[in-house]
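Colleague: Take a look at my_file-v8.cif, mmCIF, C-alpha atoms:
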```cif
data_final
#
loop_
_atom_site.group_PDB
_atom_site.id
_atom_site.type_symbol
_atom_site.label_atom_id
_atom_site.label_comp_id
_atom_site.auth_asym_id
_atom_site.auth_seq_id
_atom_site.Cartn_x
_atom_site.Cartn_y
_atom_site.Cartn_z
ATOM 1 C CA MET D 1 8.495 -117.282 70.591
ATOM 2 C CA ARG D 2 10.103 -114.040 69.500
ATOM 3 C CA HIS D 3 7.019 -111.914 68.950
ATOM 4 C CA ASN D 4 7.822 -108.228 69.487
ATOM 5 C CA LYS D 5 11.260 -108.957 70.959
ATOM 6 C CA LYS D 6 13.127 -106.624 68.611
ATOM 7 C CA ARG D 7 11.511 -103.463 69.946
ATOM 8 C CA GLY D 8 13.338 -101.135 72.299
ATOM 9 C CA MET D 9 16.938 -100.091 72.692
ATOM 10 C CA LYS D 10 19.330 -103.005 72.324
ATOM 11 C CA LEU D 11 22.541 -101.100 73.217
ATOM 12 C CA GLY D 12 24.534 -103.206 70.763
ATOM 13 C CA THR D 13 24.204 -106.456 72.698
ATOM 14 C CA ASP D 14 21.831 -109.371 73.080
ATOM 15 C CA ALA D 15 18.756 -109.148 75.303
ATOM 16 C CA SER D 16 20.229 -110.646 78.469
ATOM 17 C CA HIS D 17 23.300 -108.390 78.344
ATOM 18 C CA THR D 18 21.121 -105.336 77.702
ATOM 19 C CA LYS D 19 18.979 -106.234 80.716
ATOM 20 C CA ALA D 20 22.088 -106.632 82.878
ATOM 21 C CA ILE D 21 23.553 -103.301 81.712
ATOM 22 C CA LYS D 22 20.312 -101.465 82.435
ATOM 23 C CA LYS D 23 19.944 -103.074 85.870
ATOM 24 C CA SER D 24 23.540 -102.213 86.785
ATOM 25 C CA LEU D 25 23.209 -98.594 85.631
ATOM 26 C CA LEU D 26 19.871 -98.235 87.424
ATOM 27 C CA LYS D 27 21.377 -99.557 90.642
ATOM 28 C CA ALA D 28 24.407 -97.233 90.345
ATOM 29 C CA LEU D 29 22.265 -94.174 89.636
ATOM 30 C CA LEU D 30 19.908 -94.765 92.549
ATOM 31 C CA ALA D 31 22.815 -95.448 94.912
ATOM 32 C CA ASN D 32 24.949 -92.446 93.889
ATOM 33 C CA ASP D 33 22.351 -89.927 92.588
ATOM 34 C CA ARG D 34 24.658 -89.149 89.609
ATOM 35 C CA ILE D 35 26.627 -91.274 87.136
ATOM 36 C CA LYS D 36 28.661 -90.673 83.995
ATOM 37 C CA THR D 37 27.722 -92.916 81.078
ATOM 38 C CA LEU D 38 26.970 -92.891 77.370
ATOM 39 C CA ASP D 39 24.038 -90.917 75.978
ATOM 40 C CA VAL D 40 22.225 -93.966 74.590
ATOM 41 C CA ARG D 41 22.520 -95.848 77.876
ATOM 42 C CA ALA D 42 21.283 -92.846 79.870
ATOM 43 C CA LYS D 43 18.252 -92.520 77.618
ATOM 44 C CA ALA D 44 17.607 -96.263 77.949
ATOM 45 C CA ILE D 45 17.471 -96.228 81.769
ATOM 46 C CA ARG D 46 15.462 -93.015 82.149
ATOM 47 C CA PRO D 47 12.022 -94.737 81.959
ATOM 48 C CA ASP D 48 13.118 -97.353 84.503
ATOM 49 C CA VAL D 49 14.247 -94.664 86.955
ATOM 50 C CA ASP D 50 10.957 -92.806 86.569
ATOM 51 C CA ARG D 51 9.022 -96.038 87.113
ATOM 52 C CA VAL D 52 10.933 -96.904 90.324
ATOM 53 C CA ILE D 53 10.488 -93.410 91.760
ATOM 54 C CA THR D 54 6.777 -93.493 90.929
ATOM 55 C CA TRP D 55 6.520 -96.787 92.800
ATOM 56 C CA ALA D 56 8.420 -95.205 95.698
ATOM 57 C CA LYS D 57 5.956 -92.313 95.807
ATOM 58 C CA ARG D 58 3.095 -94.815 95.981
ATOM 59 C CA GLY D 59 4.868 -96.504 98.893
ATOM 60 C CA ASP D 60 2.852 -99.704 99.346
ATOM 61 C CA LEU D 61 4.181 -103.239 99.688
ATOM 62 C CA ALA D 62 3.377 -104.280 96.113
ATOM 63 C CA SER D 63 5.265 -101.256 94.760
ATOM 64 C CA ARG D 64 8.243 -102.053 96.976
ATOM 65 C CA ARG D 65 8.343 -105.627 95.665
ATOM 66 C CA LEU D 66 8.148 -104.427 92.052
ATOM 67 C CA ALA D 67 10.989 -101.978 92.689
ATOM 68 C CA ILE D 68 13.175 -104.648 94.323
ATOM 69 C CA ALA D 69 12.601 -106.890 91.311
ATOM 70 C CA LYS D 70 13.555 -104.058 88.926
ATOM 71 C CA VAL D 71 16.609 -102.769 90.845
ATOM 72 C CA GLY D 72 17.833 -105.990 92.426
ATOM 73 C CA ASP D 73 18.940 -104.464 95.748
ATOM 74 C CA ALA D 74 16.531 -104.120 98.659
ATOM 75 C CA GLN D 75 18.770 -101.684 100.563
ATOM 76 C CA ILE D 76 18.885 -99.165 97.684
ATOM 77 C CA VAL D 77 15.134 -99.512 97.186
ATOM 78 C CA GLY D 78 14.615 -98.841 100.891
ATOM 79 C CA GLU D 79 16.651 -95.635 100.651
ATOM 80 C CA ILE D 80 14.660 -94.448 97.620
ATOM 81 C CA PHE D 81 11.362 -95.224 99.369
ATOM 82 C CA ASP D 82 12.566 -93.279 102.436
ATOM 83 C CA LYS D 83 13.458 -90.260 100.273
ATOM 84 C CA ALA D 84 10.055 -90.408 98.608
ATOM 85 C CA ALA D 85 8.304 -90.714 101.985
ATOM 86 C CA GLN D 86 10.096 -87.563 103.160
ATOM 87 C CA GLY D 87 8.586 -85.709 100.204
ATOM 88 C CA MET D 88 11.622 -85.375 97.954
ATOM 89 C CA TRP D 89 9.560 -85.711 94.741
ATOM 90 C CA ALA D 90 6.119 -84.887 96.174
ATOM 91 C CA ASP D 91 5.516 -81.857 93.933
ATOM 92 C CA ARG D 92 6.950 -83.442 90.771
ATOM 93 C CA ASN D 93 4.813 -85.511 88.395
ATOM 94 C CA GLY D 94 7.613 -87.091 86.379
ATOM 95 C CA GLY D 95 10.923 -85.887 85.018
ATOM 96 C CA TYR D 96 12.978 -87.227 87.891
ATOM 97 C CA THR D 97 16.240 -87.331 85.900
ATOM 98 C CA ARG D 98 18.420 -84.758 84.166
ATOM 99 C CA ILE D 99 20.886 -85.558 81.377
ATOM 100 C CA MET D 100 23.798 -83.154 80.814
ATOM 101 C CA LYS D 101 26.064 -83.673 77.822
ATOM 102 C CA LEU D 102 29.826 -83.652 78.351
ATOM 103 C CA GLY D 103 30.925 -84.094 74.740
ATOM 104 C CA PRO D 104 32.469 -86.903 72.716
ATOM 105 C CA ARG D 105 34.705 -89.558 74.221
ATOM 106 C CA LYS D 106 38.288 -89.397 72.967
ATOM 107 C CA GLY D 107 38.666 -92.978 71.774
ATOM 108 C CA ASP D 108 35.544 -93.546 69.690
ATOM 109 C CA ALA D 109 33.697 -90.194 69.799
ATOM 110 C CA ALA D 110 30.735 -91.699 71.674
ATOM 111 C CA GLU D 111 28.617 -89.025 73.376
ATOM 112 C CA VAL D 112 29.316 -89.008 77.134
ATOM 113 C CA VAL D 113 26.709 -87.602 79.532
ATOM 114 C CA ILE D 114 25.998 -87.217 83.218
ATOM 115 C CA ILE D 115 22.594 -88.480 84.312
ATOM 116 C CA GLU D 116 21.432 -87.379 87.747
ATOM 117 C CA LEU D 117 18.351 -87.424 89.920
ATOM 118 C CA VAL D 118 16.561 -84.084 90.140
ATOM 119 C CA THR D 119 16.191 -82.987 93.758
ATOM 120 C CA GLU D 120 15.084 -79.359 93.607
ATOM 121 C CA PRO D 121 11.365 -78.505 93.724
ATOM 122 C CA VAL D 122 9.355 -77.577 90.655
ATOM 123 C CA LYS D 123 9.226 -73.851 89.910
ATOM 124 C CA ALA D 124 5.826 -72.389 89.164
ATOM 125 C CA LYS D 125 5.512 -70.668 85.811
ATOM 126 C CA ALA D 126 5.055 -66.911 85.890
ATOM 127 C CA ALA D 127 1.601 -65.644 84.943
ATOM 128 C CA GLY D 128 2.914 -63.309 82.228
ATOM 129 C CA THR D 129 4.781 -65.966 80.246
ATOM 130 C CA ALA D 130 1.752 -67.844 78.976
ATOM 131 C CA VAL D 131 0.535 -66.979 75.491
ATOM 132 C CA THR D 132 -3.056 -65.874 75.554
ATOM 133 C CA LYS D 133 -5.503 -65.837 72.686
ATOM 134 C CA VAL D 134 -6.733 -62.369 71.790
ATOM 135 C CA GLU D 135 -10.437 -62.173 70.999
ATOM 136 C CA GLU D 136 -11.562 -59.679 68.410
#
```
Could you quickly redo this structure as structure tokens?
Modeller:
Amino acid sequence: MRHNKKRGMKLGTDASHTKAIKKSLLKALLANDRIKTLDVRAKAIRPDVDRVITWAKRGDLASRRLAIAKVGDAQIVGEIFDKAAQGMWADRNGGYTRIMKLGPRKGDAAEVVIIELVTEPVKAKAAGTAVTKVEE
């Protein structure tokens, strides 16, 4: 049955090709920490990257098996789990990727971006920047 199969980003292809593109981009990003791709593709893989890193932070066997099924490469998953065990994303509750726009591609004007894993720690907000309500 095709119930609810048309939801989500299709990336201009059928479902199996979209799944293969996303898996390949996910594998490349986790292996290299930074890739150059199209804006739509980067936005499509961002939730998958966040999900895998969240599993890595959990660190149990079930999470590892889910991550291997999602990524398709046990060696890359092992490296991500090792980084998470060392505390790379310990202070971060999401937002593990950054997308930087490079501009349009010359041939078809498609928006090209760099998507990378965020490695620096979270900065605490200054106390004076918050807007406070004034009571009268």
Colleague: For the file shown, what are the residues hit by the PyMOL selection byres ((chain D and resi 110) around 12), laid out as a ChimeraX atom specification?
Modeller: /D:37-41,101-109,111-113
Colleague: How would you write as a list in words the residues that get within 9 Å of (22.4, -86.4, 82.9) in the file's frame, counting all atoms listed in the file?
Modeller: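 Answer for this query, in the requested form: Arg34, Ile35, Lys36, Thr37, Asp39, Ala42, Thr97, Arg98, Ile99, Met100, Lys101, Val113, Ile114, Ile115, Glu116 and Leu117 of chain D.
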Colleague: Taking all atoms of stretch 52-63 of chain D that the file lists, what box with edges along x, y and z, padded by 6 Å per side, do you get, with centre and edge lengths in Å to one decimal, as JSON?
Modeller:
```
{"center_x": 6.9, "center_y": -98.3, "center_z": 95.0, "size_x": 20.1, "size_y": 24.0, "size_z": 21.4}
```
Colleague: Name the closest residue to D:Val71 among the candidates D:Ala126, D:Ile21, D:Met1, D:Val52; distances are taken between atoms, counting only C-alpha atoms.
Modeller: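 Counting only C-alpha atoms, the residue closest to D:Val71 is D:Val52.
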Colleague: Please report the interatomic distance between atom CA of D:Ala28 and atom CA of D:Ala15 in Å with one decimal.
Modeller: 20.0 Å
Colleague: Check which residues satisfy the PyMOL selection byres ((chain D and resi 62-69) around 12) in the file shown, then give them as a ChimeraX atom specification.
Modeller: /D:23,26-27,30,48-61,70-82,84
Colleague: Please list as a list in words every residue within 8 Å of D:Thr119, counting only C-alpha atoms and excluding residues in the same chain fewer than 6 positions away.
Modeller: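 Result of the neighbour search: Met88, Trp89 and Tyr96 of chain D.
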Colleague: Just the number, please: distance in Å from atom CA of D:Lys43 to atom CA of D:Leu11, one decimal.
Modeller: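 Taking atom CA of D:Lys43 and atom CA of D:Leu11, their separation equals 10.6 Å.
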Colleague: Atoms are missing here; could stretch 20-31 of chain D be completed with all heavy atoms and written as a CSV table (one decimal), keeping the file's coordinate frame?
Modeller:
```csv
chain,number,residue,atom,x,y,z
D,20,ALA,N,21.1,-106.7,81.8
D,20,ALA,CA,22.1,-106.6,82.9
D,20,ALA,C,22.7,-105.2,82.9
D,20,ALA,O,22.9,-104.7,84.0
D,20,ALA,CB,23.2,-107.7,82.7
D,21,ILE,N,23.0,-104.7,81.8
D,21,ILE,CA,23.6,-103.3,81.7
D,21,ILE,C,22.6,-102.3,82.3
D,21,ILE,O,23.0,-101.5,83.2
D,21,ILE,CB,23.9,-102.9,80.3
D,21,ILE,CG1,25.1,-103.7,79.7
D,21,ILE,CG2,24.1,-101.4,80.2
D,21,ILE,CD1,25.4,-103.4,78.3
D,22,LYS,N,21.3,-102.4,81.9
D,22,LYS,CA,20.3,-101.5,82.4
D,22,LYS,C,20.1,-101.6,83.9
D,22,LYS,O,20.0,-100.6,84.7
D,22,LYS,CB,19.0,-101.7,81.7
D,22,LYS,CG,19.0,-101.1,80.3
D,22,LYS,CD,17.8,-101.5,79.5
D,22,LYS,CE,16.6,-100.7,79.9
D,22,LYS,NZ,15.5,-100.9,79.0
D,23,LYS,N,20.1,-102.8,84.4
D,23,LYS,CA,19.9,-103.1,85.9
D,23,LYS,C,21.1,-102.5,86.7
D,23,LYS,O,21.0,-101.9,87.7
D,23,LYS,CB,19.8,-104.6,86.1
D,23,LYS,CG,19.3,-104.9,87.5
D,23,LYS,CD,18.9,-106.4,87.5
D,23,LYS,CE,18.0,-106.7,88.6
D,23,LYS,NZ,17.5,-108.1,88.7
D,24,SER,N,22.3,-102.7,86.1
D,24,SER,CA,23.5,-102.2,86.8
D,24,SER,C,23.6,-100.7,86.8
D,24,SER,O,23.9,-100.1,87.8
D,24,SER,CB,24.8,-102.8,86.1
D,24,SER,OG,25.9,-102.2,86.6
D,25,LEU,N,23.2,-100.1,85.7
D,25,LEU,CA,23.2,-98.6,85.6
D,25,LEU,C,22.1,-98.0,86.5
D,25,LEU,O,22.3,-97.0,87.2
D,25,LEU,CB,23.0,-98.1,84.2
D,25,LEU,CG,24.2,-98.3,83.2
D,25,LEU,CD1,23.8,-98.0,81.8
D,25,LEU,CD2,25.3,-97.4,83.7
D,26,LEU,N,21.0,-98.7,86.6
D,26,LEU,CA,19.9,-98.2,87.4
D,26,LEU,C,20.3,-98.3,88.9
D,26,LEU,O,20.1,-97.4,89.7
D,26,LEU,CB,18.6,-99.1,87.2
D,26,LEU,CG,17.4,-98.8,88.0
D,26,LEU,CD1,16.9,-97.4,87.6
D,26,LEU,CD2,16.3,-99.9,87.7
D,27,LYS,N,20.9,-99.4,89.3
D,27,LYS,CA,21.4,-99.6,90.6
D,27,LYS,C,22.4,-98.5,91.0
D,27,LYS,O,22.4,-97.9,92.1
D,27,LYS,CB,22.0,-101.0,90.8
D,27,LYS,CG,22.2,-101.4,92.2
D,27,LYS,CD,22.9,-102.7,92.3
D,27,LYS,CE,22.1,-103.8,91.7
D,27,LYS,NZ,22.6,-105.2,91.9
D,28,ALA,N,23.4,-98.2,90.1
D,28,ALA,CA,24.4,-97.2,90.3
D,28,ALA,C,23.8,-95.8,90.5
D,28,ALA,O,24.2,-95.0,91.3
D,28,ALA,CB,25.5,-97.3,89.2
D,29,LEU,N,22.9,-95.5,89.6
D,29,LEU,CA,22.3,-94.2,89.6
D,29,LEU,C,21.5,-94.0,90.9
D,29,LEU,O,21.6,-92.9,91.6
D,29,LEU,CB,21.4,-94.0,88.4
D,29,LEU,CG,20.6,-92.6,88.4
D,29,LEU,CD1,21.6,-91.5,88.3
D,29,LEU,CD2,19.7,-92.6,87.2
D,30,LEU,N,20.7,-94.9,91.3
D,30,LEU,CA,19.9,-94.8,92.5
D,30,LEU,C,20.8,-94.8,93.8
D,30,LEU,O,20.4,-94.1,94.8
D,30,LEU,CB,18.9,-95.9,92.6
D,30,LEU,CG,17.8,-95.8,91.6
D,30,LEU,CD1,16.8,-97.0,91.7
D,30,LEU,CD2,17.0,-94.5,91.6
D,31,ALA,N,21.9,-95.4,93.8
D,31,ALA,CA,22.8,-95.4,94.9
D,31,ALA,C,23.6,-94.2,95.0
D,31,ALA,O,23.9,-93.7,96.1
D,31,ALA,CB,23.8,-96.6,94.8
```
